[in-house]
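Student: One file: coords.pdb (PDB, C-alpha atoms).
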ATOM      1  CA  MET A   1      49.903   3.076  57.990
ATOM      2  CA  THR A   2      50.745   4.709  54.712
ATOM      3  CA  LEU A   3      49.368   1.746  52.789
ATOM      4  CA  VAL A   4      46.175   1.797  54.815
ATOM      5  CA  LYS A   5      45.685   5.558  54.226
ATOM      6  CA  ASP A   6      46.354   5.185  50.547
ATOM      7  CA  SER A   7      43.828   2.385  50.260
ATOM      8  CA  LEU A   8      41.031   4.344  51.988
ATOM      9  CA  PRO A   9      40.242   6.746  49.080
ATOM     10  CA  ALA A  10      40.190   3.846  46.653
ATOM     11  CA  ALA A  11      37.789   1.904  48.849
ATOM     12  CA  ARG A  12      35.562   4.942  49.276
ATOM     13  CA  GLY A  13      35.554   5.491  45.502
ATOM     14  CA  THR A  14      34.615   1.858  44.969
ATOM     15  CA  ARG A  15      31.744   2.073  47.461
ATOM     16  CA  SER A  16      30.514   5.351  45.965
ATOM     17  CA  ALA A  17      30.628   3.878  42.460
ATOM     18  CA  ALA A  18      28.758   0.795  43.631
ATOM     19  CA  SER A  19      26.161   2.876  45.421
ATOM     20  CA  ALA A  20      25.810   5.072  42.361
ATOM     21  CA  GLY A  21      25.344   2.001  40.185
ATOM     22  CA  THR A  22      22.719   0.553  42.496
ATOM     23  CA  GLY A  23      21.058   3.956  42.681
ATOM     24  CA  ARG A  24      20.627   4.097  38.927
ATOM     25  CA  ARG A  25      18.979   0.686  38.671
ATOM     26  CA  PRO A  26      15.730   1.640  40.427
ATOM     27  CA  GLY A  27      15.579   4.773  38.273
ATOM     28  CA  ARG A  28      16.015   2.751  35.117
ATOM     29  CA  ARG A  29      13.391   0.280  36.259
ATOM     30  CA  ARG A  30      10.945   3.097  36.887
ATOM     31  CA  GLU A  31      11.674   4.537  33.444
ATOM     32  CA  ASN A  32      11.163   1.153  31.804
ATOM     33  CA  LEU A  33       7.941   0.645  33.737
ATOM     34  CA  ALA A  34       6.681   4.071  32.674
ATOM     35  CA  GLY A  35       7.562   3.268  29.057
ATOM     36  CA  TYR A  36       5.667  -0.024  29.156
ATOM     37  CA  LEU A  37       2.683   1.704  30.740
ATOM     38  CA  PHE A  38       2.577   4.259  27.938
ATOM     39  CA  MET A  39       2.938   1.464  25.373
ATOM     40  CA  SER A  40       0.313  -0.750  26.994
ATOM     41  CA  PRO A  41      -2.655   0.577  24.942
ATOM     42  CA  TRP A  42      -0.777  -0.151  21.702
ATOM     43  CA  ILE A  43       0.392  -3.561  22.952
ATOM     44  CA  ALA A  44      -3.148  -4.487  24.026
ATOM     45  CA  GLY A  45      -4.554  -3.293  20.704
ATOM     46  CA  PHE A  46      -1.934  -5.233  18.756
ATOM     47  CA  LEU A  47      -2.564  -8.457  20.687
ATOM     48  CA  LEU A  48      -6.364  -8.203  20.713
ATOM     49  CA  LEU A  49      -7.044  -6.592  17.327
ATOM     50  CA  THR A  50      -4.152  -7.750  15.131
ATOM     51  CA  ALA A  51      -2.143 -10.708  16.413
ATOM     52  CA  GLY A  52      -5.107 -12.526  17.953
ATOM     53  CA  PRO A  53      -7.355 -12.328  14.869
ATOM     54  CA  MET A  54      -4.434 -13.345  12.638
ATOM     55  CA  VAL A  55      -3.801 -16.493  14.676
ATOM     56  CA  ALA A  56      -7.538 -17.259  14.737
ATOM     57  CA  SER A  57      -7.855 -16.781  10.968
ATOM     58  CA  LEU A  58      -4.889 -19.085  10.399
ATOM     59  CA  TYR A  59      -6.695 -21.765  12.393
ATOM     60  CA  PHE A  60     -10.008 -21.138  10.602
ATOM     61  CA  ALA A  61      -8.243 -21.473   7.239
ATOM     62  CA  PHE A  62      -7.896 -25.200   7.926
ATOM     63  CA  THR A  63     -11.470 -25.668   9.148
ATOM     64  CA  ASP A  64     -15.023 -25.768   7.858
ATOM     65  CA  TYR A  65     -16.532 -22.821   9.729
ATOM     66  CA  ASN A  66     -19.733 -20.916   9.011
ATOM     67  CA  LEU A  67     -19.791 -18.474  11.986
ATOM     68  CA  PHE A  68     -22.604 -20.426  13.673
ATOM     69  CA  ASN A  69     -21.350 -23.982  14.229
ATOM     70  CA  THR A  70     -18.187 -25.284  15.832
ATOM     71  CA  PRO A  71     -15.217 -25.220  13.428
ATOM     72  CA  LYS A  72     -14.444 -28.625  11.923
ATOM     73  CA  TRP A  73     -10.857 -29.399  10.979
ATOM     74  CA  VAL A  74     -10.562 -30.182   7.255
ATOM     75  CA  GLY A  75      -6.854 -29.676   6.652
ATOM     76  CA  PHE A  76      -5.956 -28.283   3.228
ATOM     77  CA  ASP A  77      -9.421 -28.813   1.716
ATOM     78  CA  ASN A  78     -10.128 -25.074   1.577
ATOM     79  CA  PHE A  79      -6.942 -24.462  -0.392
ATOM     80  CA  THR A  80      -7.552 -27.312  -2.849
ATOM     81  CA  LYS A  81     -11.157 -26.178  -3.405
ATOM     82  CA  MET A  82      -9.868 -22.648  -3.949
ATOM     83  CA  PHE A  83      -7.724 -23.604  -6.927
ATOM     84  CA  ASP A  84     -10.615 -25.554  -8.451
ATOM     85  CA  ASP A  85     -13.053 -22.645  -8.080
ATOM     86  CA  PRO A  86     -13.530 -20.788 -11.405
ATOM     87  CA  ARG A  87     -14.756 -17.627  -9.644
ATOM     88  CA  TRP A  88     -11.624 -17.608  -7.485
ATOM     89  CA  GLN A  89      -9.545 -17.851 -10.632
ATOM     90  CA  LYS A  90     -11.588 -14.994 -12.106
ATOM     91  CA  SER A  91     -10.934 -12.856  -9.026
ATOM     92  CA  VAL A  92      -7.182 -13.468  -9.333
ATOM     93  CA  GLU A  93      -7.305 -12.494 -13.009
ATOM     94  CA  VAL A  94      -9.286  -9.303 -12.357
ATOM     95  CA  THR A  95      -7.040  -8.259  -9.472
ATOM     96  CA  ALA A  96      -3.852  -8.907 -11.437
ATOM     97  CA  LYS A  97      -5.190  -6.880 -14.359
ATOM     98  CA  TYR A  98      -6.132  -4.029 -12.046
ATOM     99  CA  VAL A  99      -2.696  -4.004 -10.391
ATOM    100  CA  VAL A 100      -0.755  -4.195 -13.658
ATOM    101  CA  ILE A 101      -2.746  -1.387 -15.318
ATOM    102  CA  GLY A 102      -3.686   0.897 -12.446
ATOM    103  CA  THR A 103      -0.438   1.062 -10.471
ATOM    104  CA  PRO A 104       1.890   2.186 -13.323
ATOM    105  CA  LEU A 105      -0.620   4.754 -14.596
ATOM    106  CA  LYS A 106      -1.070   6.195 -11.131
ATOM    107  CA  LEU A 107       2.680   6.471 -10.553
ATOM    108  CA  LEU A 108       3.330   7.978 -13.993
ATOM    109  CA  LEU A 109       0.717  10.676 -13.411
ATOM    110  CA  ALA A 110       2.015  11.322  -9.891
ATOM    111  CA  LEU A 111       5.588  11.701 -11.149
ATOM    112  CA  GLY A 112       4.545  13.950 -14.037
ATOM    113  CA  VAL A 113       2.585  16.309 -11.789
ATOM    114  CA  ALA A 114       5.404  16.281  -9.212
ATOM    115  CA  LEU A 115       7.868  17.369 -11.914
ATOM    116  CA  LEU A 116       5.588  20.287 -12.772
ATOM    117  CA  LEU A 117       5.066  21.313  -9.156
ATOM    118  CA  ALA A 118       8.786  21.074  -8.380
ATOM    119  CA  GLN A 119       9.309  24.227 -10.444
ATOM    120  CA  SER A 120       8.848  27.569  -8.734
ATOM    121  CA  ARG A 121       5.612  29.236  -9.766
ATOM    122  CA  ARG A 122       2.886  31.409  -8.319
ATOM    123  CA  GLY A 123       0.135  29.619  -6.409
ATOM    124  CA  GLN A 124       2.304  26.558  -5.913
ATOM    125  CA  ALA A 125       0.859  25.766  -2.465
ATOM    126  CA  PHE A 126      -2.685  25.898  -3.834
ATOM    127  CA  TYR A 127      -1.883  23.504  -6.675
ATOM    128  CA  ARG A 128      -0.215  21.046  -4.316
ATOM    129  CA  ALA A 129      -3.225  21.043  -2.009
ATOM    130  CA  ALA A 130      -5.648  20.721  -4.926
ATOM    131  CA  PHE A 131      -3.831  17.750  -6.430
ATOM    132  CA  TYR A 132      -3.470  16.066  -3.038
ATOM    133  CA  ALA A 133      -7.143  16.447  -2.040
ATOM    134  CA  PRO A 134      -8.444  13.415  -4.031
ATOM    135  CA  SER A 135      -6.181  11.133  -1.982
ATOM    136  CA  LEU A 136      -8.004  12.219   1.167
ATOM    137  CA  ILE A 137     -11.536  11.632  -0.103
ATOM    138  CA  GLY A 138     -11.041   9.082  -2.875
ATOM    139  CA  ALA A 139     -11.490   6.028  -0.661
ATOM    140  CA  SER A 140     -14.806   7.198   0.812
ATOM    141  CA  VAL A 141     -18.099   5.518  -0.021
ATOM    142  CA  SER A 142     -19.638   8.811  -1.153
ATOM    143  CA  VAL A 143     -16.971   9.238  -3.839
ATOM    144  CA  GLY A 144     -17.719   5.705  -5.025
ATOM    145  CA  PHE A 145     -21.381   6.626  -5.497
ATOM    146  CA  VAL A 146     -20.389   9.810  -7.333
ATOM    147  CA  TRP A 147     -18.016   7.866  -9.575
ATOM    148  CA  ARG A 148     -20.721   5.335 -10.392
ATOM    149  CA  SER A 149     -23.134   8.105 -11.333
ATOM    150  CA  LEU A 150     -20.514   9.775 -13.552
ATOM    151  CA  PHE A 151     -19.870   6.593 -15.541
ATOM    152  CA  SER A 152     -23.470   5.334 -15.755
ATOM    153  CA  ASP A 153     -25.575   5.248 -18.906
ATOM    154  CA  GLY A 154     -26.539   8.731 -20.036
ATOM    155  CA  ALA A 155     -24.211  10.404 -17.509
ATOM    156  CA  ILE A 156     -21.629  13.051 -18.294
ATOM    157  CA  VAL A 157     -18.937  10.573 -19.369
ATOM    158  CA  ASP A 158     -21.339   8.761 -21.674
ATOM    159  CA  ARG A 159     -22.562  12.027 -23.225
ATOM    160  CA  THR A 160     -19.024  13.338 -23.671
ATOM    161  CA  GLN A 161     -17.717  10.261 -25.454
ATOM    162  CA  SER A 162     -20.872  10.137 -27.594
ATOM    163  CA  PHE A 163     -20.233  13.740 -28.617
ATOM    164  CA  PHE A 164     -16.869  12.646 -30.039
ATOM    165  CA  GLY A 165     -18.411   9.662 -31.815
ATOM    166  CA  TRP A 166     -17.438   7.001 -29.292
ATOM    167  CA  HIS A 167     -20.635   5.067 -28.539
ATOM    168  CA  VAL A 168     -19.922   2.467 -25.854
ATOM    169  CA  GLY A 169     -22.571   3.444 -23.309
ATOM    170  CA  GLY A 170     -21.927   3.787 -19.602
ATOM    171  CA  TRP A 171     -18.820   2.113 -18.302
ATOM    172  CA  VAL A 172     -20.494   0.801 -15.150
ATOM    173  CA  GLY A 173     -22.904  -1.434 -17.057
ATOM    174  CA  ASN A 174     -20.342  -2.570 -19.627
ATOM    175  CA  ALA A 175     -18.350  -5.658 -18.651
ATOM    176  CA  ASP A 176     -15.532  -4.647 -20.996
ATOM    177  CA  TRP A 177     -15.095  -1.176 -19.504
ATOM    178  CA  VAL A 178     -16.179  -1.236 -15.863
ATOM    179  CA  LEU A 179     -12.735  -2.297 -14.638
ATOM    180  CA  TYR A 180     -11.212   0.729 -16.354
ATOM    181  CA  CYS A 181     -13.675   2.832 -14.382
ATOM    182  CA  LEU A 182     -11.987   1.539 -11.215
ATOM    183  CA  VAL A 183      -8.569   2.179 -12.762
ATOM    184  CA  ALA A 184      -9.590   5.770 -13.489
ATOM    185  CA  LEU A 185     -10.687   6.164  -9.872
ATOM    186  CA  THR A 186      -7.393   4.925  -8.460
ATOM    187  CA  VAL A 187      -5.379   7.042 -10.918
ATOM    188  CA  TRP A 188      -7.403  10.081  -9.825
ATOM    189  CA  GLN A 189      -6.080   9.501  -6.285
ATOM    190  CA  PHE A 190      -2.450  10.150  -7.249
ATOM    191  CA  GLY A 191      -1.897  12.827  -4.594
ATOM    192  CA  ALA A 192      -0.111  10.707  -1.975
ATOM    193  CA  PRO A 193       2.642   9.327  -4.258
ATOM    194  CA  MET A 194       2.884  12.779  -5.859
ATOM    195  CA  VAL A 195       3.825  14.342  -2.513
ATOM    196  CA  ILE A 196       6.464  11.641  -1.956
ATOM    197  CA  PHE A 197       7.878  12.179  -5.446
ATOM    198  CA  LEU A 198       7.939  15.924  -4.825
ATOM    199  CA  ALA A 199       9.941  15.434  -1.620
ATOM    200  CA  GLY A 200      12.428  13.280  -3.522
ATOM    201  CA  LEU A 201      12.799  15.802  -6.322
ATOM    202  CA  LYS A 202      13.607  18.526  -3.803
ATOM    203  CA  GLN A 203      16.614  16.476  -2.649
ATOM    204  CA  VAL A 204      18.273  16.306  -6.081
ATOM    205  CA  PRO A 205      21.296  18.679  -6.064
ATOM    206  CA  LYS A 206      20.931  21.506  -8.566
ATOM    207  CA  GLU A 207      24.650  21.331  -9.300
ATOM    208  CA  LEU A 208      24.084  18.104 -11.211
ATOM    209  CA  TYR A 209      21.628  19.798 -13.580
ATOM    210  CA  GLU A 210      23.965  22.746 -14.044
ATOM    211  CA  ALA A 211      26.858  20.445 -14.913
ATOM    212  CA  ALA A 212      24.662  18.515 -17.352
ATOM    213  CA  GLU A 213      23.576  21.740 -19.055
ATOM    214  CA  MET A 214      27.214  22.729 -19.493
ATOM    215  CA  ASP A 215      27.757  19.390 -21.248
ATOM    216  CA  GLY A 216      24.849  20.118 -23.574
ATOM    217  CA  ALA A 217      22.334  17.699 -22.067
ATOM    218  CA  GLY A 218      18.694  18.286 -22.937
ATOM    219  CA  PRO A 219      15.612  17.872 -20.701
ATOM    220  CA  PHE A 220      15.162  14.186 -21.520
ATOM    221  CA  ARG A 221      18.798  13.288 -20.851
ATOM    222  CA  LYS A 222      18.753  15.215 -17.583
ATOM    223  CA  PHE A 223      15.597  13.393 -16.520
ATOM    224  CA  TRP A 224      16.882   9.958 -17.545
ATOM    225  CA  ASN A 225      20.472  10.271 -16.321
ATOM    226  CA  ILE A 226      20.018  12.476 -13.241
ATOM    227  CA  THR A 227      16.450  12.692 -12.004
ATOM    228  CA  LEU A 228      15.463   9.037 -12.228
ATOM    229  CA  PRO A 229      18.641   7.614 -10.634
ATOM    230  CA  MET A 230      18.525  10.202  -7.838
ATOM    231  CA  ILE A 231      14.867   9.549  -6.968
ATOM    232  CA  SER A 232      15.041   5.779  -7.519
ATOM    233  CA  PRO A 233      14.713   5.029  -3.755
ATOM    234  CA  VAL A 234      11.573   7.170  -3.652
ATOM    235  CA  LEU A 235      10.299   5.489  -6.823
ATOM    236  CA  PHE A 236      10.888   2.059  -5.287
ATOM    237  CA  PHE A 237       8.997   3.077  -2.139
ATOM    238  CA  ASN A 238       6.028   4.308  -4.153
ATOM    239  CA  VAL A 239       5.974   1.212  -6.368
ATOM    240  CA  LEU A 240       6.018  -1.043  -3.321
ATOM    241  CA  LEU A 241       3.373   0.897  -1.420
ATOM    242  CA  GLU A 242       0.975   1.376  -4.327
ATOM    243  CA  THR A 243       1.287  -2.253  -5.428
ATOM    244  CA  ILE A 244       0.281  -3.459  -1.967
ATOM    245  CA  HIS A 245      -2.614  -0.981  -1.902
ATOM    246  CA  SER A 246      -3.804  -2.179  -5.307
ATOM    247  CA  PHE A 247      -3.980  -5.776  -4.122
ATOM    248  CA  GLN A 248      -6.209  -4.630  -1.248
ATOM    249  CA  ILE A 249      -8.829  -2.832  -3.345
ATOM    250  CA  PHE A 250     -12.340  -3.422  -2.073
ATOM    251  CA  GLY A 251     -14.450  -0.340  -1.288
ATOM    252  CA  SER A 252     -14.438   1.274  -4.719
ATOM    253  CA  ALA A 253     -15.110  -2.028  -6.526
ATOM    254  CA  TYR A 254     -17.926  -2.917  -4.134
ATOM    255  CA  VAL A 255     -19.650   0.479  -4.369
ATOM    256  CA  VAL A 256     -19.154   1.212  -8.077
ATOM    257  CA  SER A 257     -20.492  -2.218  -9.044
ATOM    258  CA  ASN A 258     -23.543  -1.729  -6.786
ATOM    259  CA  THR A 259     -22.365  -4.391  -4.268
ATOM    260  CA  TYR A 260     -22.408  -7.354  -6.693
ATOM    261  CA  CYS A 261     -18.961  -6.955  -8.284
ATOM    262  CA  GLY A 262     -20.261  -7.152 -11.810
ATOM    263  CA  PRO A 263     -21.438  -7.185 -14.465
ATOM    264  CA  ALA A 264     -20.332 -10.715 -15.366
ATOM    265  CA  ASP A 265     -17.823 -10.620 -12.487
ATOM    266  CA  ALA A 266     -15.925  -7.908 -14.355
ATOM    267  CA  THR A 267     -15.037  -6.164 -11.063
ATOM    268  CA  LEU A 268     -14.772  -9.320  -8.980
ATOM    269  CA  VAL A 269     -11.514  -8.325  -7.307
ATOM    270  CA  TYR A 270      -9.990 -10.737  -4.821
ATOM    271  CA  THR A 271     -11.175  -8.999  -1.658
ATOM    272  CA  CYS A 272     -14.699  -8.670  -3.041
ATOM    273  CA  TYR A 273     -14.929 -12.419  -3.598
ATOM    274  CA  LEU A 274     -13.412 -12.970  -0.157
ATOM    275  CA  TYR A 275     -16.165 -10.818   1.343
ATOM    276  CA  GLN A 276     -18.854 -12.716  -0.547
ATOM    277  CA  GLN A 277     -17.561 -16.071   0.630
ATOM    278  CA  GLY A 278     -17.077 -15.034   4.245
ATOM    279  CA  PHE A 279     -20.095 -12.869   5.014
ATOM    280  CA  GLN A 280     -22.669 -13.580   2.295
ATOM    281  CA  ASN A 281     -22.141 -17.337   1.911
ATOM    282  CA  ALA A 282     -21.016 -17.890   5.547
ATOM    283  CA  ARG A 283     -17.913 -19.797   4.425
ATOM    284  CA  MET A 284     -15.572 -18.211   6.934
ATOM    285  CA  GLY A 285     -13.022 -21.017   6.746
ATOM    286  CA  PHE A 286     -12.755 -20.652   2.966
ATOM    287  CA  ALA A 287     -12.525 -16.855   3.306
ATOM    288  CA  ALA A 288      -9.729 -17.188   5.884
ATOM    289  CA  ALA A 289      -7.816 -19.440   3.495
ATOM    290  CA  MET A 290      -8.282 -16.837   0.763
ATOM    291  CA  ALA A 291      -6.956 -14.121   3.076
ATOM    292  CA  TRP A 292      -3.797 -16.068   3.791
ATOM    293  CA  MET A 293      -3.290 -16.769   0.105
ATOM    294  CA  LEU A 294      -3.525 -13.035  -0.520
ATOM    295  CA  LEU A 295      -0.954 -12.424   2.200
ATOM    296  CA  LEU A 296       1.410 -14.946   0.610
ATOM    297  CA  ALA A 297       0.909 -13.386  -2.830
ATOM    298  CA  VAL A 298       1.663  -9.883  -1.535
ATOM    299  CA  ALA A 299       4.700 -11.209   0.349
ATOM    300  CA  LEU A 300       5.967 -12.880  -2.837
ATOM    301  CA  VAL A 301       5.510  -9.727  -4.912
ATOM    302  CA  THR A 302       7.231  -7.696  -2.187
ATOM    303  CA  ALA A 303      10.163 -10.132  -2.132
ATOM    304  CA  VAL A 304      10.498  -9.872  -5.924
ATOM    305  CA  LEU A 305      10.494  -6.075  -5.742
ATOM    306  CA  PHE A 306      13.175  -6.077  -3.042
ATOM    307  CA  TRP A 307      15.248  -8.501  -5.085
ATOM    308  CA  SER A 308      14.932  -6.371  -8.219
ATOM    309  CA  GLN A 309      15.866  -3.125  -6.489
ATOM    310  CA  ARG A 310      19.527  -4.106  -6.552
ATOM    311  CA  LYS A 311      19.519  -3.590 -10.318
ATOM    312  CA  TRP A 312      17.781  -0.215 -10.591
ATOM    313  CA  VAL A 313      17.685   1.516  -7.198
ATOM    314  CA  HIS A 314      20.692   3.722  -6.434
ATOM    315  CA  TYR A 315      21.258   4.630  -2.818
ATOM    316  CA  GLU A 316      23.602   7.399  -1.787
ATOM    317  CA  GLU A 317      26.792   5.991  -0.319
ATOM    318  CA  VAL A 318      27.460   7.067   3.242
ATOM    319  CA  ALA A 319      30.899   8.520   3.750
ATOM    320  CA  ARG A 320      32.995   6.502   6.176
TER     321      ARG A 320
END
Mind turning the file's structure into structure tokens?
Tutor:
Amino acid sequence: MTLVKDSLPAARGTRSAASAGTGRRPGRRRENLAGYLFMSPWIAGFLLLTAGPMVASLYFAFTDYNLFNTPKWVGFDNFTKMFDDPRWQKSVEVTAKYVVIGTPLKLLLALGVALLLAQSRRGQAFYRAAFYAPSLIGASVSVGFVWRSLFSDGAIVDRTQSFFGWHVGGWVGNADWVLYCLVALTVWQFGAPMVIFLAGLKQVPKELYEAAEMDGAGPFRKFWNITLPMISPVLFFNVLLETIHSFQIFGSAYVVSNTYCGPADATLVYTCYLYQQGFQNARMGFAAAMAWMLLLAVALVTAVLFWSQRKWVHYEEVAR
């Protein structure tokens, strides 16, 4: 009898634990169902607007497709024709030049302004908003038209440089200078990386600067030995993000060059030529192959940047 009585509480505890466990399962299922319901618009958008078109474009990349007839499988012909196309080679050259020149200049200006704004001064909020504003409107079509008018023949830029004895005419109509007009536009939109740099500078401990000053370090040594290593993760993030954005340039080049990406294909960036092939020449299969080549190029550059970060990016060690 004693053994039976002693075993009753244990049995009741086991049944209560089992009932509690089974009672939680329907609740968890309802929570999971509610979560999937809330996520369903994003999932549907991803499948219909991102994953589906990506799979379709991968198929079209191996076909001869002009948007009107049934796609015809051609294998790797689009890719072989791409490498033999002199205008495709020109677009790669123009895009690479734009990325190599525009991205470093934009980041240098963003870092320089962030260093100035990191210091306490009156009207600091106004200056931050003013420097960030071009990033909000810089990608619009209207700004592209304004930029083209500023750098046209006889416009304010032309008159200013002529006043100082520099007679090159308008940049928009000059094949040697029109690409630098696009570079100037992207550098003008330095507000977004500036804000990220400013957030990173705020995280640098002031004690490090105080210790360096006690050792007699000047501004340059403090910047090189303290600031840069401490904000190197932020610098890496900005380099990665801005490099990818530079490869995707289209709107400003298309508008500033008056929709023909010239003169003499001087602003024939990769995406502009892709647009011409896909929608103006109705070579959608060739354009899809170009898009996937761009994706592979960006992935390769991203992999190189991640590989190189081990040598110059310093992450804070987490205490164990």
Student: Once you count all atoms listed in the file, which residues end up no further than 10 Å from (-3.0, 4.8, -15.9) in the file's frame, shown as an mmCIF file with C-alpha atoms, keeping the file's coordinate frame?
Tutor:
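Saved result, out09.cif, follows:
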data_model
loop_
_atom_site.group_PDB
_atom_site.id
_atom_site.type_symbol
_atom_site.label_atom_id
_atom_site.label_comp_id
_atom_site.auth_asym_id
_atom_site.auth_seq_id
_atom_site.Cartn_x
_atom_site.Cartn_y
_atom_site.Cartn_z
ATOM 1 C CA VAL A 100 -0.755 -4.195 -13.658
ATOM 2 C CA ILE A 101 -2.746 -1.387 -15.318
ATOM 3 C CA GLY A 102 -3.686 0.897 -12.446
ATOM 4 C CA THR A 103 -0.438 1.062 -10.471
ATOM 5 C CA PRO A 104 1.890 2.186 -13.323
ATOM 6 C CA LEU A 105 -0.620 4.754 -14.596
ATOM 7 C CA LYS A 106 -1.070 6.195 -11.131
ATOM 8 C CA LEU A 107 2.680 6.471 -10.553
ATOM 9 C CA LEU A 108 3.330 7.978 -13.993
ATOM 10 C CA LEU A 109 0.717 10.676 -13.411
ATOM 11 C CA TYR A 180 -11.212 0.729 -16.354
ATOM 12 C CA VAL A 183 -8.569 2.179 -12.762
ATOM 13 C CA ALA A 184 -9.590 5.770 -13.489
ATOM 14 C CA LEU A 185 -10.687 6.164 -9.872
ATOM 15 C CA THR A 186 -7.393 4.925 -8.460
ATOM 16 C CA VAL A 187 -5.379 7.042 -10.918
ATOM 17 C CA TRP A 188 -7.403 10.081 -9.825
#
Student: Could you jot down the atom CA of A:Ala217 to atom CA of A:Ala110 separation for me, Å, one decimal place?
Tutor: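 Answer for the atom CA of A:Ala217 to atom CA of A:Ala110 separation: 24.5 Å.
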Student: I'd like the residues picked by the PyMOL selection byres ((chain A and resi 54-65) around 7) written out as a list in words, using the chain letters and numbers from the file.
Tutor: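 Selected by the PyMOL selection byres ((chain A and resi 54-65) around 7) here: Thr50, Ala51, Gly52, Pro53, Asn66, Leu67, Asn69, Thr70, Pro71, Lys72, Trp73, Val74, Gly75, Phe76, Asn78, Arg283, Met284, Gly285, Phe286, Ala288 and Ala289 of chain A.
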Student: Using C-alpha atoms, can you write the selected residues to a file as a compact mmCIF listing (two decimals), keeping the file's coordinate frame?
Tutor:
# COMPACT_ATOMS: atom_id res chain seq x y z
CA THR A 50 -4.15 -7.75 15.13
CA ALA A 51 -2.14 -10.71 16.41
CA GLY A 52 -5.11 -12.53 17.95
CA PRO A 53 -7.36 -12.33 14.87
CA ASN A 66 -19.73 -20.92 9.01
CA LEU A 67 -19.79 -18.47 11.99
CA ASN A 69 -21.35 -23.98 14.23
CA THR A 70 -18.19 -25.28 15.83
CA PRO A 71 -15.22 -25.22 13.43
CA LYS A 72 -14.44 -28.62 11.92
CA TRP A 73 -10.86 -29.40 10.98
CA VAL A 74 -10.56 -30.18 7.26
CA GLY A 75 -6.85 -29.68 6.65
CA PHE A 76 -5.96 -28.28 3.23
CA ASN A 78 -10.13 -25.07 1.58
CA ARG A 283 -17.91 -19.80 4.42
CA MET A 284 -15.57 -18.21 6.93
CA GLY A 285 -13.02 -21.02 6.75
CA PHE A 286 -12.76 -20.65 2.97
CA ALA A 288 -9.73 -17.19 5.88
CA ALA A 289 -7.82 -19.44 3.50
Student: For the file shown, what are the residues hit by the PyMOL selection byres ((chain A and resi 243-253) around 6), laid out as a list in words?
Tutor: Val99, Gly144, Val239, Leu240, Leu241, Glu242, Tyr254, Val255, Val256, Ser257, Thr271 and Cys272 of chain A
Student: What is the atom CA of A:Gly218 to atom CA of A:Lys206 distance in Å?
Tutor: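 Computing the Euclidean distance for atom CA of A:Gly218 and atom CA of A:Lys206 yields 14.9 Å.
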Student: Between A:Met230, A:Thr95, A:Arg28, A:Arg148, which residue has the minimum interatomic distance to A:Gln203, considering all atoms listed in the file?
Tutor: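 Selected residue with least distance to A:Gln203: A:Met230.
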Student: Please compute the atom CA of A:Pro229-atom CA of A:Phe197 distance, one decimal, in Å.
Tutor: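 Interatomic distance, atom CA of A:Pro229 to atom CA of A:Phe197: 12.8 Å.
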Student: Contacts of A:Ala266 at 8 Å or less, counting only C-alpha atoms, minus same-chain residues fewer than 4 places along, as a list in words?
Tutor: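 Listing them by chain and then by number gives Val94, Ala175, Asp176, Val178, Leu179, Cys261 and Gly262 of chain A.
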Student: Write to file, as a short mmCIF file (atom, residue, chain, number, x, y, z; two decimals), in the frame of the given file, the residues of the selection just made, with C-alpha atoms.
Tutor:
data_model
loop_
_atom_site.label_atom_id
_atom_site.label_comp_id
_atom_site.auth_asym_id
_atom_site.auth_seq_id
_atom_site.Cartn_x
_atom_site.Cartn_y
_atom_site.Cartn_z
CA VAL A 94 -9.29 -9.30 -12.36
CA ALA A 175 -18.35 -5.66 -18.65
CA ASP A 176 -15.53 -4.65 -21.00
CA VAL A 178 -16.18 -1.24 -15.86
CA LEU A 179 -12.74 -2.30 -14.64
CA CYS A 261 -18.96 -6.96 -8.28
CA GLY A 262 -20.26 -7.15 -11.81
#
Student: Decode the PyMOL selection byres ((chain A and resi 90) around 12) for the given file into explicit residues and return them as a list in words.
Tutor: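 When the PyMOL selection byres ((chain A and resi 90) around 12) is applied, the selected residues are Met82, Phe83, Asp84, Asp85, Pro86, Arg87, Trp88, Gln89, Ser91, Val92, Glu93, Val94, Thr95, Ala96, Lys97, Cys261, Gly262, Ala264, Asp265, Ala266, Thr267, Leu268, Val269, Tyr270, Cys272 and Tyr273 of chain A.
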Student: Between A:Ser232, A:Ser40, A:Thr160, A:Thr259, which one has atoms that come closest to A:Phe145, using all atoms listed in the file?
Tutor: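 With all atoms listed in the file as the atom set, the closest residue is A:Thr259.
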Student: Taking (12.7, 0.5, -5.4) in the file's coordinates as the center, which residues reach within 9 Å of it, counting all atoms listed in the file, put as a list in words?
Tutor: Ser232, Pro233, Val234, Leu235, Phe236, Phe237, Asn238, Val239, Leu240, Leu305, Phe306, Ser308, Gln309, Arg310, Trp312, Val313 and His314 of chain A
Student: Restricting the calculation to all atoms listed in the file, which member of A:Leu294, A:Val204, A:Met214, A:Arg25 is positioned closest to A:Ile226?
Tutor: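 The shortest atom-to-atom distance to A:Ile226 comes from A:Val204.
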